[in-house]
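**Q** Structure in structure tokens, see below.
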Amino acid sequence: MSAASAERELSHPDLYTSRDGATVELLGMRCGVCGYVAFPRQRYGCEKCGATGAALADVDLSTDGRLASYATVHMHQAKNIAAPFVIGEVVLDAGPTVRATMVESNDDALEVGARVTGRLYPAPSVDGAATKFELRFARAAS
Amino acid sequence: MNAPLSKFRPAYVVGIGLHRYQHISETPYPVLGLAAVREALADARIEWPAVESVYHGTALLGMASTRVMLRHLGGTGIPMQQVENASASGSTAFRLATYEVATGVADVALALGVDKPSARPLAGSQTGIRGIEGGRIVPFTHFALLAQRYMDRHNATSEDFARVAVKNHGNGAHNKYAQRQQARSLVDVLNDPPISGPLTRLQCCPVGEGAAAVIVASGDAIARLGIERARCVRVLSSAQRTEVVYAESSNFDAELTRQTTAQAIADAGIAPGDLDVIELHDAFTVEEIFYLEAMGIAAPGEAPAMLRAGAFDVGGDVAVSPSGGLLAMGHPIGPTGVGQIAEIARQLRGEAGVRQHEGAKLGLAHMVGVGAVCVVHVLGNA
């Protein structure tokens with residue numbers, strides 16, 4: 001892949017960001033009343049204590065974490081989602097548990113407990129539009 | 001506060017009826033529902049005008065489905081309403097009918113479930129909050145992820161999960177109301193097309209169409225209508241909870257099951273080991289393992305060994321999913337929770353034929369629903 005560029009267009013800029021075009025941060029939130037750290041970011045109210053308004057602060061969360069589980073998905077009903085693919089469940093060092101597609105196309109390379117991190121990965125192009133980049137997780141370089 | 005059922009007068013299941021669960025067809029839904037209600041009335045040996053209230057569990061039929069179906073029993077003007085609570089819609093309808101009878105609002109109430117599949121999206125996809133997986137995680141992958149965690153933690157194998165399907169398909173083979181009525185071997189289940197993680201097709205429930213009906217009545221109504229007391233089954237407890245933020249966030253269904261079942265069992269004044277029959281939300285094989293451990297039927301990590309030893313067979317320590325469960329009887333959504341109550345009642349009456357768990361006196365019905373809710377009932381011989 002070409003050198004990292006901060007100009008890469010993201011598939012979901014409302015969910016994650018990248019300052020350097022390589023490492024990815026999740027757009028999360030922290031409740032100032034109970035301390036609950038959550039992803040994705042929302043302003044409806046804290047899911048744990050119900051606090052709202054100024055109590056809810058934006059925080060960017062590191063995508064570094066530990067693989068809690070994974071599954072190879074062999075079929076999917078949606079025509080625009082090609083199977084097989086691998087889904088990972090990641091317990092972020094920052095607190096929340098997230099589930100996302102893995103860069104690895106084969107679960108032989110994965111094990112529960114492995115260190116993983118977020119990567120920008122070229123999303124399947126829709127109708128020949130310019131390639132966007134989506135967040136996937138991959139084993140961290142050891 | 002949430003007053004337990006035991007605070008009120010006894011409520012009994014007095015009639016049960018079903019339309020077979022089946023693959024989606026051109027059959028209009030009133031045909032399904034009317035068959036189930038007429039069978040339940042005949043089972044109780046009462047007439048339609050004796051019914052004073054209707055709670056209809058349905059998630060997918062659309063607005064105002066009940067009266068246009070039940071008018072064909074002869075309009076009596078009684079209150080009717082739809083109850084939508086995802087997979088627990090039927091269980092919630094039964095809970096509401098039971099509370100209405102227990103609290104004296106009605107003497108005879110009908111809990112009904114009728115549904116046909118549709119492609120309507122879940123409201124959760126329209127909250128304005130989305131995740132990063134881009135629609136790639138559907139329920140079977142949610143449970144595949146939990147299965148992989150369980151395998152890693154307890155050294156379990158894909159065969160441990162597949163054995164749930166072997167047992168439940170075997171039970172469904174003896175149930176004329178089941179969508180899947182074919183016994184399957186361990187090899188059949190493991191060699192079936194892979195779906196997600198360790199789950200093969202036969203380890204995932206079919207979502208089709210069908211109907212289930214249960215008539216709930218008070219002791220007064222049983223005496224007044226001359227209903228046979230020996231065939232009445234008492235509802236001992238009813239518990240319903242919703243998800244909160246748990247320490248271990250990803251297996252919220254199990255945590256929610258643990259709390260809701262504990263409440264239902266305590267309210268019934270029994271212990272988990274007292275149960276003879278359990279119908280639970282086995283939409284995917286792994287769920288039966290999780291929930292039996294969450295309910296306290298098996299210690300953590302021990303359910304697979306108990307299953308292998310036959311503890312959960314009809315005739316074992318406790319018959320689990322004797323109807324075939326969601327895996328074999330099927331999961332038409334609205335009817336499912338009502339159908340569980342029908343199976344428990346049939347077992348406690350001793351009328352389950354080849355599927356009969358001998359001497360069954362206490363039964364538990366459990367459903368979870370996406371969103372996420374859990375409803376548990378304990379029933380006992382009257």
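Please note that chains go A, B, ... in the order of the structure tokens, that every chain numbers its residues from 1, and that ligands are numbered from 1 in the order shown.
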Find the residues in chain B near chain A: any atom within 7 Å counts, using only C-alpha atoms. Write them as a ChimeraX atom specification.
**A** /B:131-133,141,144-145,148-149,194-197,245
**Q** I'd like the contact shell of Ala294 of chain B - 12 Å cut-off, only C-alpha atoms, skipping same-chain residues fewer than 3 positions apart - returned as a list in words.
**A**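 Counting only C-alpha atoms, the residues come to Asn251, Phe252, Asp253, Ala254, Glu255, Leu256, Thr257, Arg258, Gln259, Thr260, Thr261, Ala262, Pro272, Leu280, Glu287, Glu288, Ile289, Phe290, Tyr291, Ile297, Ala298, Ala299, Pro300, Gly301, Glu302, Ala303 and His366 of chain B.
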**Q** If you run DSSP on the backbone here, which positions in segment 67-306 of chain B get strand (DSSP E)? Please write them as a PyMOL selection string.
**A** chain B and resi 80-83+108-115+194-196+199-200+209-218+233-242+277-279
**Q** Pick out the residues sitting within 9 Å of Tyr55 of chain B, and hand them over as a list in words; count only C-alpha atoms, and ignore anything fewer than 2 positions along from it in its own chain.
**A**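 Within the cut-off, the hits are Ser53, Gly57, Thr66, Pro79, Met80, Gln81, Gln82, Val83, Gly90, Thr92, Ala93, Phe94, Leu96, Ala97, Ala109, Leu110, Ala111, Leu112 and Gly113 of chain B.
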**Q** Could you turn the residues from that selection into a file that holds C-alpha atoms, as an mmCIF file, in the first residue's frame?
**A**
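Written output follows (part-v7.cif):
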data_model
loop_
_atom_site.group_PDB
_atom_site.id
_atom_site.type_symbol
_atom_site.label_atom_id
_atom_site.label_comp_id
_atom_site.auth_asym_id
_atom_site.auth_seq_id
_atom_site.Cartn_x
_atom_site.Cartn_y
_atom_site.Cartn_z
ATOM 1 C CA SER B 53 -59.674 -10.191 26.836
ATOM 2 C CA GLY B 57 -47.997 -11.199 20.515
ATOM 3 C CA THR B 66 -55.945 -8.823 15.784
ATOM 4 C CA PRO B 79 -60.677 -5.614 24.472
ATOM 5 C CA MET B 80 -57.926 -6.830 22.122
ATOM 6 C CA GLN B 81 -54.405 -5.529 21.639
ATOM 7 C CA GLN B 82 -51.180 -6.348 19.829
ATOM 8 C CA VAL B 83 -48.045 -6.825 21.937
ATOM 9 C CA GLY B 90 -45.647 -13.999 22.767
ATOM 10 C CA THR B 92 -45.069 -10.800 27.039
ATOM 11 C CA ALA B 93 -48.615 -11.336 25.752
ATOM 12 C CA PHE B 94 -48.882 -14.361 28.068
ATOM 13 C CA LEU B 96 -50.080 -9.566 30.441
ATOM 14 C CA ALA B 97 -52.961 -12.030 30.086
ATOM 15 C CA ALA B 109 -57.933 -14.037 28.936
ATOM 16 C CA LEU B 110 -56.418 -15.273 25.698
ATOM 17 C CA ALA B 111 -52.686 -15.047 24.999
ATOM 18 C CA LEU B 112 -52.157 -15.443 21.285
ATOM 19 C CA GLY B 113 -49.162 -15.350 18.951
#
**Q** Work out how far apart atom CA of Ser250 of chain B and atom CA of Val90 of chain A are and give it in Å to one decimal.
**A**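 The value is 10.2 Å.
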**Q** Counting only C-alpha atoms, which residue out of B:Phe140, B:Phe161, B:Tyr21, B:Tyr12 sits closest to Arg95 of chain B?
**A**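 Closest to Arg95 of chain B of all the choices is B:Tyr12.
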**Q** With only C-alpha atoms as the counted atoms, please give the residues lying no more than 6 Å from segment 60-64 of chain A, apart from itself and same-chain residues fewer than 5 positions off, as number ranges by chain.
**A** A: 25-28, 92, 117-118
**Q** Restricting the output to N, CA and C atoms, write the selected residues as a short mmCIF file (atom, residue, chain, number, x, y, z; two decimals), in the first residue's frame.
**A**
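Result written to part-v3.cif:
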data_model
loop_
_atom_site.label_atom_id
_atom_site.label_comp_id
_atom_site.auth_asym_id
_atom_site.auth_seq_id
_atom_site.Cartn_x
_atom_site.Cartn_y
_atom_site.Cartn_z
N GLU A 25 -8.38 6.53 15.54
CA GLU A 25 -8.99 6.72 16.86
C GLU A 25 -10.51 6.65 16.69
N LEU A 26 -11.14 6.01 17.66
CA LEU A 26 -12.61 5.95 17.66
C LEU A 26 -13.16 7.18 18.34
N LEU A 27 -14.25 7.73 17.81
CA LEU A 27 -14.88 8.91 18.41
C LEU A 27 -15.83 8.43 19.51
N GLY A 28 -15.34 8.48 20.72
CA GLY A 28 -16.10 7.97 21.86
C GLY A 28 -16.58 9.09 22.76
N LEU A 92 -11.26 -2.87 24.03
CA LEU A 92 -10.30 -1.77 23.91
C LEU A 92 -9.61 -1.52 25.25
N THR A 117 -5.11 -3.94 16.81
CA THR A 117 -5.27 -2.48 16.71
C THR A 117 -6.03 -2.15 15.43
N GLY A 118 -6.54 -0.91 15.36
CA GLY A 118 -7.32 -0.48 14.21
C GLY A 118 -6.43 -0.09 13.03
#
**Q** Any idea what the distance is between atom CA of Gly273 of chain B and atom CA of Ser321 of chain B?
**A**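 Going from atom CA of Gly273 of chain B over to atom CA of Ser321 of chain B covers 16.2 Å.
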**Q** Quick one: everything within 6 Å of segment 223-236 of chain B, counting only C-alpha atoms, minus sequence neighbours fewer than 5 positions away in the same chain. Send it as a short mmCIF file (atom, residue, chain, number, x, y, z; two decimals) with N, CA and C atoms, in the first residue's frame.
**A**
data_model
loop_
_atom_site.label_atom_id
_atom_site.label_comp_id
_atom_site.auth_asym_id
_atom_site.auth_seq_id
_atom_site.Cartn_x
_atom_site.Cartn_y
_atom_site.Cartn_z
N ALA B 11 -53.69 -17.88 38.82
CA ALA B 11 -54.09 -17.88 37.41
C ALA B 11 -53.61 -19.21 36.81
N TYR B 12 -54.43 -19.76 35.93
CA TYR B 12 -54.16 -21.10 35.39
C TYR B 12 -54.20 -21.11 33.87
N VAL B 13 -53.36 -21.94 33.27
CA VAL B 13 -53.48 -22.26 31.85
C VAL B 13 -54.54 -23.35 31.74
N VAL B 14 -55.62 -23.06 30.99
CA VAL B 14 -56.72 -24.03 30.90
C VAL B 14 -56.94 -24.56 29.49
N ALA B 268 -41.39 -18.09 42.53
CA ALA B 268 -42.14 -19.35 42.51
C ALA B 268 -41.87 -20.17 43.77
N ARG B 349 -49.36 -31.73 32.21
CA ARG B 349 -50.59 -32.54 32.19
C ARG B 349 -50.31 -34.02 31.96
N VAL B 378 -42.61 -19.53 35.39
CA VAL B 378 -42.56 -20.86 36.00
C VAL B 378 -43.99 -21.35 36.15
N LEU B 379 -44.24 -22.57 35.71
CA LEU B 379 -45.57 -23.18 35.81
C LEU B 379 -45.48 -24.46 36.64
N GLY B 380 -46.57 -24.77 37.35
CA GLY B 380 -46.57 -25.97 38.17
C GLY B 380 -47.92 -26.67 38.10
N ASN B 381 -47.93 -27.95 38.42
CA ASN B 381 -49.20 -28.68 38.47
C ASN B 381 -50.11 -28.02 39.49
N ALA B 382 -51.37 -27.85 39.13
CA ALA B 382 -52.32 -27.16 40.01
C ALA B 382 -52.65 -28.05 41.21
#
**Q** Which of segment 122-369 of chain B counts as helix (DSSP H, G or I) under DSSP, as number ranges by chain please?
**A** B: 123-126, 139-154, 158-172, 186-190, 201-203, 219-225, 229-231, 249-268, 272-274, 285-294, 303-308, 325-328, 334-349, 353-355
**Q** So, counting only C-alpha atoms, which residue among A:Val33, A:Ala94, A:Ser125, A:Asn80 is closest to Gly134 of chain B?
**A**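 For Gly134 of chain B, the nearest of the given residues is A:Asn80.
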**Q** Would you please work out which residue, of A:Cys31, A:Val103, A:Val24, A:Ala123, is nearest to Phe137 of chain A when using only C-alpha atoms?
**A** A:Val103
**Q** Identify, on the basis of only C-alpha atoms, every residue whose closest approach to Val114 of chain B does not exceed 12 Å; exclude the query and any residue fewer than 5 positions from it along the same chain; express the result as an MDAnalysis selection string.
**A** chainID B and resid 17:21 28:37 55:62 65:66 69:70 82:84 89:90 93 208:213 331:339
**Q** Would you mind exporting the chosen residues as a PDB file, in the first residue's frame, restricted to C-alpha atoms?
**A**
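Written output follows (again.pdb):
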ATOM      1  CA  GLY B  17     -53.768 -24.717  20.738  1.00  0.00           C
ATOM      2  CA  LEU B  18     -51.299 -24.372  17.873  1.00  0.00           C
ATOM      3  CA  HIS B  19     -51.043 -24.113  14.138  1.00  0.00           C
ATOM      4  CA  ARG B  20     -47.944 -25.924  12.928  1.00  0.00           C
ATOM      5  CA  TYR B  21     -44.886 -23.699  12.522  1.00  0.00           C
ATOM      6  CA  PRO B  28     -53.278 -15.734   5.068  1.00  0.00           C
ATOM      7  CA  TYR B  29     -52.428 -15.154   8.725  1.00  0.00           C
ATOM      8  CA  PRO B  30     -56.033 -15.415  10.009  1.00  0.00           C
ATOM      9  CA  VAL B  31     -56.030 -19.075   8.913  1.00  0.00           C
ATOM     10  CA  LEU B  32     -53.056 -19.691  11.204  1.00  0.00           C
ATOM     11  CA  GLY B  33     -54.433 -17.745  14.160  1.00  0.00           C
ATOM     12  CA  LEU B  34     -58.008 -19.027  14.005  1.00  0.00           C
ATOM     13  CA  ALA B  35     -56.798 -22.638  13.916  1.00  0.00           C
ATOM     14  CA  ALA B  36     -54.775 -22.088  17.106  1.00  0.00           C
ATOM     15  CA  VAL B  37     -57.565 -20.257  18.963  1.00  0.00           C
ATOM     16  CA  TYR B  55     -53.251 -10.091  24.160  1.00  0.00           C
ATOM     17  CA  HIS B  56     -51.771 -10.886  20.762  1.00  0.00           C
ATOM     18  CA  GLY B  57     -47.997 -11.199  20.515  1.00  0.00           C
ATOM     19  CA  THR B  58     -46.893 -10.310  17.015  1.00  0.00           C
ATOM     20  CA  ALA B  59     -43.840  -8.474  15.713  1.00  0.00           C
ATOM     21  CA  LEU B  60     -44.106  -8.582  11.952  1.00  0.00           C
ATOM     22  CA  LEU B  61     -47.757  -8.557  10.827  1.00  0.00           C
ATOM     23  CA  GLY B  62     -48.121  -4.779  10.914  1.00  0.00           C
ATOM     24  CA  SER B  65     -53.797  -7.298  13.038  1.00  0.00           C
ATOM     25  CA  THR B  66     -55.945  -8.823  15.784  1.00  0.00           C
ATOM     26  CA  MET B  69     -58.634 -11.971  12.388  1.00  0.00           C
ATOM     27  CA  LEU B  70     -60.659 -12.752  15.495  1.00  0.00           C
ATOM     28  CA  GLN B  82     -51.180  -6.348  19.829  1.00  0.00           C
ATOM     29  CA  VAL B  83     -48.045  -6.825  21.937  1.00  0.00           C
ATOM     30  CA  GLU B  84     -44.657  -6.293  20.286  1.00  0.00           C
ATOM     31  CA  SER B  89     -43.670 -10.826  22.050  1.00  0.00           C
ATOM     32  CA  GLY B  90     -45.647 -13.999  22.767  1.00  0.00           C
ATOM     33  CA  ALA B  93     -48.615 -11.336  25.752  1.00  0.00           C
ATOM     34  CA  GLY B 208     -41.213 -19.183   9.498  1.00  0.00           C
ATOM     35  CA  GLU B 209     -44.910 -18.651  10.162  1.00  0.00           C
ATOM     36  CA  GLY B 210     -47.367 -20.191  12.614  1.00  0.00           C
ATOM     37  CA  ALA B 211     -49.666 -19.554  15.552  1.00  0.00           C
ATOM     38  CA  ALA B 212     -50.027 -20.491  19.211  1.00  0.00           C
ATOM     39  CA  ALA B 213     -52.840 -19.802  21.683  1.00  0.00           C
ATOM     40  CA  HIS B 331     -39.190 -19.489  15.709  1.00  0.00           C
ATOM     41  CA  PRO B 332     -42.027 -17.632  13.965  1.00  0.00           C
ATOM     42  CA  ILE B 333     -41.392 -14.757  16.489  1.00  0.00           C
ATOM     43  CA  GLY B 334     -44.864 -13.827  17.851  1.00  0.00           C
ATOM     44  CA  PRO B 335     -46.067 -17.408  18.465  1.00  0.00           C
ATOM     45  CA  THR B 336     -42.820 -18.739  19.941  1.00  0.00           C
ATOM     46  CA  GLY B 337     -43.236 -17.666  23.564  1.00  0.00           C
ATOM     47  CA  VAL B 338     -46.883 -18.755  23.626  1.00  0.00           C
ATOM     48  CA  GLY B 339     -45.954 -22.099  22.073  1.00  0.00           C
TER      49      GLY B 339
END
**Q** Between atom CA of Val320 of chain B and atom CA of Met367 of chain B, measure the distance and give it in Å to one decimal.
**A**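 Spanning atom CA of Val320 of chain B to atom CA of Met367 of chain B is a straight-line distance of 13.5 Å.
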**Q** Ranking B:Arg346, B:Thr27, B:Val108, B:Gly359 by minimum distance to Val216 of chain B and counting only C-alpha atoms, which one comes first?
**A**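 When distances to Val216 of chain B are compared using only C-alpha atoms, the smallest one comes from B:Val108.
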**Q** Return the single residue from B:Val187, B:Gly350, B:Gly170, B:Tyr99 that is closest to Asn2 of chain B, with distances computed using only C-alpha atoms.
**A**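 Ranking B:Val187, B:Gly350, B:Gly170, B:Tyr99 by distance to Asn2 of chain B, first place goes to B:Tyr99.
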